[in-house]
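Report on the structure given below.
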Amino acid sequence: MIGVELRKLALRPRVWLSIGLLCLLPALVAVLLSVSDLAPPPGQGGAFLSAVLRNGALYPAAALAMVLPVFLPLAVAVFAGDAIAGEAATGTLRYLLVRPVARPRVLVAKLVALAVFTVLAVLVVAVTSLVVGLVLFGTGAEAVGQASAATSLSGIDLSPGELAVRMAAAIGYIVVSMVGFGSIALFFSTLSDSAIGAALAALAVLIASSIMETLQAAAAIKPYLPTNYWLSWIDFFRDPVFWDNIDKGLLLQAGYIVLFFGAAWANFASKDITS
Amino acid sequence: MIRTRGLTKRFGRIVAVDSVDLDVAEGDRFGFLGPNGSGKTTLVRMLLGLVHATAGEIEVLGKSMPRNAAKVLPQVGAMVEGPGAYPHLSGRRNLAMFDAAGPGGGRRGRADRVESALAQVGLSGVDRRPVSAYSLGMRQRLGLAAALLRAPRLLILDEPTNGLDPKGIREIRDLLVALNEAGTTVFLSSHLLAEVEQLCTRVAVVDRGRMVLQDSLAALLAPTGHVLVRSPDAAQVVALLDGQVVARDGDRLVVRHADVAGLNADLVGRGLRVSGIEAERRTLEQVVLDSTGASGDRIDGPTGGEDR
Amino acid sequence: MAGVRSRGLWRWAVVVSAAVLVLGVPVVVTAVTEPTGTVEATGLRERVVRSADVPYQGVSVVQGALPLPELPKLEDVSRLLTGVTTVRSWYRSPDRWRFDVVSTAGERDTYRTPDGEFVWDYGADQVTRLVGTAPVRLPRAGDLLPPDLARRLLATASGDVVTALDARSVAGRRADGLRLVPADPATTIGQVDVWADSGTGVPLRVEVTPRGAARPILVTAFDRFTPGPPDDGVLVPDVGRSSGYAVVEAPDIAGALGFLGGDPPQTSLAGRPLREADGAGVRGVGVYGTGLSSFVALPVPRDVGAQAADAGAKAGGGDVTVPNGRIVSLSVSPLSVVIARSAVARRWYLLVGMVDTSVLRTAATELIALPRRGR
């Protein structure tokens with residue numbers, strides 16, 4: 001079943017379209033930056049944006065910071081919201097179930113497909129923005145004569161190897177965050193027969209969480225908000241690596257995955273399929 | 001093959017299926033008839049474990065459902081409420097997906113299984129275009145092919161000829177008869193009387209969730225004991241068969257008589273001309289109408305149906 | 001069949017119990033392990049004040065809730081006192097430490113080594129070496145770390161009485177509590193609550209509550225605290241060669257405000273003696289009073305003074321014209337700010353302190369009555 005889901009993913013034009021759109025925004029920003037040569041002032045703008053003008057190798061980090069707040073979760077919500085509700089709408093869900101595929105297996109396959117989709121999306125964004133960054137901004141070698149190292153947020157030089165390791169860790173963290181959010185959308189997808197409805201419900205959660213994050217009055221529940229630690233992947237680029245929020249974020253997302261995947265299972269396994 | 005006892009399904013306060021006792025024997029071509037909204041589809045979904053029964057028991061292939069779904073369903077081919085397919089993929093790819101999803105869907109032999117299913121439903125020449133470009137009839141055939149992938153012992157089909165042209169309907173009927181003769185039990189749910197009448201050997205009728213009738217088609221359509229006689233000498237016939245004539249309409253007579261040939265010989269022997277004579281049989285339509293109420297999708301106002 | 005209906009419910013029961021477990025276990029564990037009891041307050045205060053040599057590393061969160069308006073040229077300070085700041089710190093000894101102010105946009109790291117102070121600013125991509133230290137400078141995140149803030153407050157208010165508070169758990173460690181209530185009626189500070197690590201005496205949590213307020217105005221506490229010396233590597237500013245490097249004088253209030261120097265401070269203001277003259281090494285800056293009721297008075301350039309006065313008046317401060325000039329007073333509990341213009345000497349003064357505004361107004365009235373002296 002997992003293989004079937006992955007084949008569906010690969011054969012779906014919409015998947016590749018959404019990943020392509022995700023890559024477009026950072027590419028566009030990169031072109032504008034390199035044409036105008038105007039980096040945002042220090043301390044403002046997206047993370048890493050001011051640093052990429054000096055070294056394009058950091059552009060993947062800047063690109064991820066750009067797509068993480070809205071566009072990546074949007075793609076994940078649409079994909080995960082479609083998981084069950086979309087199958088119900090095309091009428092294929094009942095045929096999978098009478099094949100038979102056990103309902104928990106359907107859900108597990110959907111979760112795996114969601115994780116693979118997220119990995120794919122984040123990796124493609126990272127690779128395209130690395131290429132775009134190196135082409136448009138170079139490695140800083142043009143000015144100094146030798147490639148300047150990318151600096152961490154703490155000012156310490158990162159060798160290309162170190163940068164790659166930290167980048168990989170950051171990508172892993174982002175994937176976990178997105179799968180945590182996607183499992184919420186997956187749960188909504190088992191509630192509704194409308195893929196759009198499920199995706200919109202998940203986005204409503206995202207927006208509500210983002211609003212409450214900025215609210216002082218919501219400070220007590222802030223550590224439990226799904227979006228609270230999303231940006232903590234930046235902490236991989238500090239020196240020494242700032243693990244505290246990364247650990248908390250991973251724990252929180254694991255909790256979201258367990259609870260919402262569990263809720264999706266509880267609902268879907270006993271649900272009457274009337275689509 | 002299928003046996004239900006007191007099968008009941010309630011959606012909130014609506015009773016969709018009301019204590020149905022269904023018996024389908026091996027080798028049957030079973031017609032499950034009922035108007036729209038009579039609970040046919042809900043019952044079919046319960047047989048397949050898609051909808052959970054509120055009460056009652058279900059046995060399919062001798063095992064209780066849905067507990068044994070993993071053992072039972074691989075031997076069942078099903079089409080429920082129209083075909084379902086991934087619209088952006090070709091028909092072949094769709095079948096390959098469904099084949100791979102279930103048990104026994106190893107990579108080896110998959111192409112053969114897909115091709116033979118396509119050939120059975122008359123789609124072997126289909127090209128790579130996506131299902132979204134298929135006609136309704138082609139989709140219907142594809143859905144049937146998906147049901148046939150595993151050479152099932154039991155076929156459960158819900159309105160299988162929907163969207164097919166008369167020739168297509170004929171083809172599918174022939175296919176189902178051939179499969180049945182090869183040993184497959186066919187359970188056909190439909191609101192089309194003609195379809196059931198032409199294909200099935202046994203019939204059940206449901207109305208508003210209740211099963212009102214379950215019998216073999218031959219028994220339902222057995223002679224009524226009346227003979228329809230058409231004669232230019234109708235008046236003399238009436239005089240001759242005094243008391244046996246049930247109704248008369250011009251030259252048409254309905255006569256209570258057990259032996260058509262004997263009656264014919266009798267009339268002709270007395271010099272009465274007979275232009276037509278046959279035993280009266282009820283049509284399935286009459287049987288169904290007699291046993292069911294108003295149309296399922298008709299909604300009358302509180303004062304009756306005539307208001308505008 | 002009862003089994004049919006209950007089939008869905010047991011799954012939900014599993015999920016709900018998992019949720020209760022996930023959410024409830026930390027709560028229960030916290031409740032069970034929450035320490036109780038008190039220790040003798042005066043002794044604890046002694047341990048806190050003497051804990052400056054205890055090395056540690058940790059992460060603390062500074063939460064300020066001062067309703068501070070945006071002060072011209074002091075944005076960094078007002079951000080610190082009005083919002084939430086996360087600070088990582090490594091501390092070996094009073095002259096060997098590092099603290100990082102981290103944010104999603106970058107970070108600002110301050111290193112203290114025997115060679116001086118280094119500040120790395122990611123946004124500016126530059127490391128700055130600071131020459132000299134100033135007794136008075138702008139408050140920065142490092143001053144509000146629980147150990148620094150608690151030691152400073154307790155040392156300043158050495159005359160005030162402390163009482164014991166119930167111990168609590170901070171950063172997963174047992175912390176004994178004490179409360180300091182300043183005796184001086186002029187101060188705006190109602191109480192200072194300090195919880196210090198039972199083992200080392202290092203303050204782990206500080207709450208500052210203004211007089212008459214129900215909630216603390218400043219809470220600073222460790223999220224994670226590990227006693228023991230940090231790695232040497234962490235304490236050395238090893239900044240890449242591609243980044244900029246600069247050397248500047250230590251920043252101070254006067255520098256930030258563009259102060260150019262002036263008359264020597266008065267020996268007393270509002271009845272409070274001068275404690276430090278020429279604070280920050282700049283002539284004219286005076287620190288008056290003792291304990292928590294001390295305040296700073298300094299002359300400022302005309303543009304800064306006028307801007308600050310307007311901002312203060314707009315923020316709802318009292319704006320009065322007196323015979324010798326104009327006095328704008330603003331109370332941002334527990335902080336009081338007075339900006340005064342002397343018509344006599346045509347000069348602006350800024351007075352800041354955690355004292356009642358009336359004290360600062362009296363001091364300002366005395367200041368603006370002074371005639372301009374020659375150099």
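Lettering and numbering for the structure tokens are positional, with chains as A, B, ... in the shown order, residues counted from 1 in each chain, and ligands counted from 1 in the shown order.
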
Counting only C-alpha atoms, give me one row per residue of chain C with an atom at most 10 Å from an atom of chain A, showing the shortest contact pair and its distance in Å to one decimal, sorted by chain then residue number, as CSV.
residue,atom,partner,partner_atom,distance
C:Val4,CA,A:Ser270,CA,9.5
C:Arg5,CA,A:Ser270,CA,9.2
C:Ser6,CA,A:Ser270,CA,9.6
C:Arg7,CA,A:Ser270,CA,6.9
C:Gly8,CA,A:Ser270,CA,4.8
C:Leu9,CA,A:Ala266,CA,8.0
C:Trp10,CA,A:Ala266,CA,8.3
C:Arg11,CA,A:Ala266,CA,4.8
C:Trp12,CA,A:Ala266,CA,5.4
C:Ala13,CA,A:Ala266,CA,8.8
C:Val14,CA,A:Gly262,CA,8.3
C:Val15,CA,A:Gly262,CA,5.7
C:Val16,CA,A:Leu259,CA,8.3
C:Ser17,CA,A:Leu259,CA,9.9
C:Ala18,CA,A:Leu259,CA,7.2
C:Ala19,CA,A:Leu259,CA,6.3
C:Val22,CA,A:Gly255,CA,7.2
C:Leu23,CA,A:Gly255,CA,9.2
C:Gly58,CA,A:Asp244,CA,9.9
C:Val59,CA,A:Asp244,CA,8.3
C:Ala65,CA,A:Gln216,CA,9.9
C:Gly83,CA,A:Gln216,CA,9.3
C:Val84,CA,A:Gln216,CA,9.7
C:Arg88,CA,A:Phe242,CA,8.5
C:Asp100,CA,A:Ser154,CA,8.4
C:Val102,CA,A:Asp235,CA,8.9
C:Ser103,CA,A:Gly43,CA,8.9
C:Thr104,CA,A:Ala47,CA,6.5
C:Ala105,CA,A:Ala47,CA,4.6
C:Gly106,CA,A:Leu153,CA,5.8
C:Glu107,CA,A:Leu153,CA,6.3
C:Arg108,CA,A:Ser154,CA,7.7
C:Asp109,CA,A:Ser154,CA,7.1
C:Trp120,CA,A:Gly155,CA,6.9
C:Asp121,CA,A:Gly155,CA,8.0
C:Tyr122,CA,A:Leu153,CA,5.9
C:Gly123,CA,A:Pro42,CA,3.9
C:Ala124,CA,A:Pro42,CA,5.6
C:Asp125,CA,A:Gly155,CA,7.5
C:Gln126,CA,A:Gly155,CA,8.2
C:Val127,CA,A:Gly155,CA,8.2
C:Asp223,CA,A:Asp244,CA,8.8
C:Arg224,CA,A:Asp244,CA,8.2
C:Gly233,CA,A:Pro240,CA,9.6
C:Val234,CA,A:Pro240,CA,7.3
C:Pro237,CA,A:Ile156,CA,8.3
C:Asp238,CA,A:Ile156,CA,6.0
C:Val239,CA,A:Ile156,CA,4.9
C:Gly240,CA,A:Asp157,CA,4.9
C:Arg241,CA,A:Asp157,CA,7.9
C:Ser242,CA,A:Ser148,CA,6.3
C:Ser243,CA,A:Gly155,CA,7.6

Determine, using only C-alpha atoms, which residues of chain B have any atom at most 9 Å from an atom of chain A, and tabulate each with its shortest atom pair and distance in Å to one decimal place, rows ordered by chain and then rising number, as a Markdown table.
| residue | atom | partner | partner_atom | distance |
| --- | --- | --- | --- | --- |
| B:Thr42 | CA | A:Thr274 | CA | 8.0 |
| B:Arg45 | CA | A:Thr274 | CA | 8.0 |
| B:Leu48 | CA | A:Val98 | CA | 6.4 |
| B:Gly49 | CA | A:Val98 | CA | 7.7 |
| B:Leu50 | CA | A:Ile273 | CA | 5.2 |
| B:Val51 | CA | A:Asp272 | CA | 4.3 |
| B:His52 | CA | A:Asp272 | CA | 6.1 |
| B:Ala69 | CA | A:Pro100 | CA | 7.4 |
| B:Ala70 | CA | A:Pro100 | CA | 6.4 |
| B:Val72 | CA | A:Pro100 | CA | 9.0 |
| B:Leu73 | CA | A:Pro100 | CA | 5.9 |
| B:Pro74 | CA | A:Arg99 | CA | 6.3 |
| B:Val76 | CA | A:Val98 | CA | 8.2 |
| B:Gly77 | CA | A:Arg99 | CA | 8.0 |
| B:Ala78 | CA | A:Val98 | CA | 7.4 |
| B:Met79 | CA | A:Tyr95 | CA | 7.8 |
| B:Val80 | CA | A:Arg94 | CA | 7.9 |
| B:Glu81 | CA | A:Gly91 | CA | 8.9 |
| B:Gly82 | CA | A:Gly91 | CA | 8.2 |
| B:Pro83 | CA | A:Gly91 | CA | 7.1 |
| B:Gly84 | CA | A:Gly91 | CA | 4.4 |
| B:Ala85 | CA | A:Thr92 | CA | 5.6 |
| B:Tyr86 | CA | A:Thr90 | CA | 6.7 |
| B:Pro87 | CA | A:Thr90 | CA | 7.7 |
| B:His88 | CA | A:Arg12 | CA | 7.3 |
| B:Leu89 | CA | A:Leu11 | CA | 7.8 |
| B:Met97 | CA | A:Val4 | CA | 6.1 |
| B:Phe98 | CA | A:Leu96 | CA | 6.7 |
| B:Asp99 | CA | A:Arg99 | CA | 8.1 |
| B:Ala100 | CA | A:Val4 | CA | 6.6 |
| B:Ala101 | CA | A:Met1 | CA | 4.9 |
| B:Gly102 | CA | A:Arg99 | CA | 5.1 |
| B:Pro103 | CA | A:Pro100 | CA | 7.2 |
| B:Ala146 | CA | A:Tyr95 | CA | 8.5 |
| B:Ala147 | CA | A:Arg99 | CA | 8.7 |

Would you put the residues from that selection into a file with C-alpha atoms, as a PDB file, in the first residue's frame?
ATOM      1  CA  THR B  42     -26.377   0.837   2.261  1.00  0.00           C
ATOM      2  CA  ARG B  45     -21.856  -1.352   1.711  1.00  0.00           C
ATOM      3  CA  LEU B  48     -18.493  -5.191   2.080  1.00  0.00           C
ATOM      4  CA  GLY B  49     -17.658  -3.777   5.495  1.00  0.00           C
ATOM      5  CA  LEU B  50     -17.746  -0.154   4.338  1.00  0.00           C
ATOM      6  CA  VAL B  51     -20.682   0.706   6.577  1.00  0.00           C
ATOM      7  CA  HIS B  52     -21.027  -0.789  10.021  1.00  0.00           C
ATOM      8  CA  ALA B  69     -12.974  -8.887   5.850  1.00  0.00           C
ATOM      9  CA  ALA B  70      -9.315  -9.674   5.247  1.00  0.00           C
ATOM     10  CA  VAL B  72     -13.469 -12.767   2.643  1.00  0.00           C
ATOM     11  CA  LEU B  73     -12.947  -9.693   0.507  1.00  0.00           C
ATOM     12  CA  PRO B  74     -10.053 -11.010  -1.616  1.00  0.00           C
ATOM     13  CA  VAL B  76     -15.165 -10.840  -3.698  1.00  0.00           C
ATOM     14  CA  GLY B  77     -15.265  -8.470  -6.619  1.00  0.00           C
ATOM     15  CA  ALA B  78     -17.332  -5.369  -6.064  1.00  0.00           C
ATOM     16  CA  MET B  79     -18.615  -2.303  -7.732  1.00  0.00           C
ATOM     17  CA  VAL B  80     -20.452   0.064  -5.440  1.00  0.00           C
ATOM     18  CA  GLU B  81     -22.429   3.052  -6.636  1.00  0.00           C
ATOM     19  CA  GLY B  82     -20.548   3.728  -9.821  1.00  0.00           C
ATOM     20  CA  PRO B  83     -16.924   3.173 -10.681  1.00  0.00           C
ATOM     21  CA  GLY B  84     -14.073   5.010  -8.984  1.00  0.00           C
ATOM     22  CA  ALA B  85     -10.731   5.775 -10.569  1.00  0.00           C
ATOM     23  CA  TYR B  86      -7.866   8.238 -10.335  1.00  0.00           C
ATOM     24  CA  PRO B  87      -8.826  10.652 -13.104  1.00  0.00           C
ATOM     25  CA  HIS B  88      -5.295  11.717 -14.039  1.00  0.00           C
ATOM     26  CA  LEU B  89      -4.089   8.137 -14.619  1.00  0.00           C
ATOM     27  CA  MET B  97      -2.741   0.499  -8.626  1.00  0.00           C
ATOM     28  CA  PHE B  98      -5.740  -1.389  -7.339  1.00  0.00           C
ATOM     29  CA  ASP B  99      -4.012  -4.676  -8.056  1.00  0.00           C
ATOM     30  CA  ALA B 100      -0.936  -3.609  -6.095  1.00  0.00           C
ATOM     31  CA  ALA B 101      -2.951  -2.261  -3.173  1.00  0.00           C
ATOM     32  CA  GLY B 102      -4.635  -5.506  -2.151  1.00  0.00           C
ATOM     33  CA  PRO B 103      -3.330  -8.893  -1.076  1.00  0.00           C
ATOM     34  CA  ALA B 146     -11.376  -3.694 -11.291  1.00  0.00           C
ATOM     35  CA  ALA B 147     -13.988  -5.968  -9.709  1.00  0.00           C
TER      36      ALA B 147
END

Hey, could you make a per-residue contact list for chain B against chain C with 9 Å as the cut-off, showing the nearest pair of atoms and its distance in Å to one decimal, counting only C-alpha atoms, sorted by chain and number, as CSV?
residue,atom,partner,partner_atom,distance
B:His52,CA,C:Val4,CA,7.1
B:Ala53,CA,C:Val4,CA,6.9
B:Thr54,CA,C:Val4,CA,6.6
B:Ala55,CA,C:Met1,CA,5.2
B:Gly56,CA,C:Met1,CA,6.6
B:Glu57,CA,C:Met1,CA,8.4

Please write the residues from the selection above to a file, keeping N, CA and C atoms, as a PDB file, in the first residue's frame.
ATOM      1  N   HIS B  52     -20.865   0.139   8.913  1.00  0.00           N
ATOM      2  CA  HIS B  52     -21.027  -0.789  10.021  1.00  0.00           C
ATOM      3  C   HIS B  52     -22.495  -0.899  10.396  1.00  0.00           C
ATOM      4  N   ALA B  53     -22.942  -2.137  10.561  1.00  0.00           N
ATOM      5  CA  ALA B  53     -24.342  -2.364  10.879  1.00  0.00           C
ATOM      6  C   ALA B  53     -24.661  -1.870  12.279  1.00  0.00           C
ATOM      7  N   THR B  54     -25.884  -1.384  12.458  1.00  0.00           N
ATOM      8  CA  THR B  54     -26.330  -1.012  13.796  1.00  0.00           C
ATOM      9  C   THR B  54     -26.681  -2.276  14.576  1.00  0.00           C
ATOM     10  N   ALA B  55     -27.295  -3.232  13.877  1.00  0.00           N
ATOM     11  CA  ALA B  55     -27.640  -4.504  14.515  1.00  0.00           C
ATOM     12  C   ALA B  55     -27.722  -5.572  13.445  1.00  0.00           C
ATOM     13  N   GLY B  56     -27.668  -6.811  13.875  1.00  0.00           N
ATOM     14  CA  GLY B  56     -27.808  -7.908  12.929  1.00  0.00           C
ATOM     15  C   GLY B  56     -26.491  -8.579  12.620  1.00  0.00           C
ATOM     16  N   GLU B  57     -26.587  -9.635  11.830  1.00  0.00           N
ATOM     17  CA  GLU B  57     -25.398 -10.407  11.484  1.00  0.00           C
ATOM     18  C   GLU B  57     -25.265 -10.509   9.980  1.00  0.00           C
TER      19      GLU B  57
END

(message) Considering only C-alpha atoms, can you say which of B:Ala239, B:Arg281, B:Gly225, B:Ile14 comes closest to Arg256 in chain B?
(response)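 Counting only C-alpha atoms, the residue closest to Arg256 in chain B is B:Gly225.
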
Which residues, written as a PDB file with all heavy atoms, in the first residue's frame, have at least one atom at most 7 Å from Ser192 in chain A, with only C-alpha atoms counted and residues fewer than 4 positions away on the same chain left out?
ATOM      1  N   ALA A  85     -10.010  12.519   2.112  1.00  0.00           N
ATOM      2  CA  ALA A  85     -11.164  13.176   1.506  1.00  0.00           C
ATOM      3  C   ALA A  85     -11.079  13.143  -0.015  1.00  0.00           C
ATOM      4  O   ALA A  85     -12.090  12.971  -0.701  1.00  0.00           O
ATOM      5  CB  ALA A  85     -11.261  14.621   2.006  1.00  0.00           C
ATOM      6  N   PHE A 188      -8.363  16.006   9.798  1.00  0.00           N
ATOM      7  CA  PHE A 188      -9.510  16.694   9.202  1.00  0.00           C
ATOM      8  C   PHE A 188      -9.964  15.984   7.933  1.00  0.00           C
ATOM      9  O   PHE A 188     -11.146  15.951   7.614  1.00  0.00           O
ATOM     10  CB  PHE A 188      -9.165  18.152   8.892  1.00  0.00           C
ATOM     11  CG  PHE A 188      -9.062  19.016  10.113  1.00  0.00           C
ATOM     12  CD1 PHE A 188      -8.059  19.954  10.238  1.00  0.00           C
ATOM     13  CD2 PHE A 188      -9.969  18.868  11.152  1.00  0.00           C
ATOM     14  CE1 PHE A 188      -7.957  20.736  11.379  1.00  0.00           C
ATOM     15  CE2 PHE A 188      -9.879  19.643  12.285  1.00  0.00           C
ATOM     16  CZ  PHE A 188      -8.871  20.582  12.401  1.00  0.00           C
ATOM     17  N   ALA A 198     -10.953  20.149   4.289  1.00  0.00           N
ATOM     18  CA  ALA A 198      -9.952  19.673   5.247  1.00  0.00           C
ATOM     19  C   ALA A 198      -8.719  20.569   5.222  1.00  0.00           C
ATOM     20  O   ALA A 198      -8.177  20.934   6.268  1.00  0.00           O
ATOM     21  CB  ALA A 198      -9.572  18.234   4.922  1.00  0.00           C
TER      22      ALA A 198
END

(message) Using only C-alpha atoms, can you tell me which of A:Ala109, A:Val132, A:Leu53, A:Ala77 comes closest to Cys23 in chain A?
(response)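 Looking only at the distances to Cys23 in chain A, the closest residue turns out to be A:Val132.
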
(message) Under the rule that only C-alpha atoms are counted, which of A:Ala75, A:Ala63, A:Leu186, A:Leu107 is the nearest residue to Leu25 in chain A?
(response)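 Distance minimum relative to Leu25 in chain A lands on A:Ala63.
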
(request) Please return as a PyMOL selection string: the residues of range 116-195 of chain A that backbone DSSP assigns to helix (DSSP H, G or I). (result) chain A and resi 116-137+141-144+160-191+195

(request) In Å, rounded to a single decimal, give me how far CA of Leu118 in chain B is from CA of Gly137 in chain B. (result)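 Computing it gives 13.6 Å between the two atoms.
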
(message) Rounded to one decimal, what separation in Å do you get between CA of Ala258 in chain B and CA of Gln236 in chain B?
(response)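 Separation between CA of Ala258 in chain B and CA of Gln236 in chain B: 20.1 Å.
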
(request) Would you mind reading off the distance between CA of Val67 in chain A and CA of Leu191 in chain A, one decimal, in Å? (result)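 Interatomic distance here is 27.8 Å.
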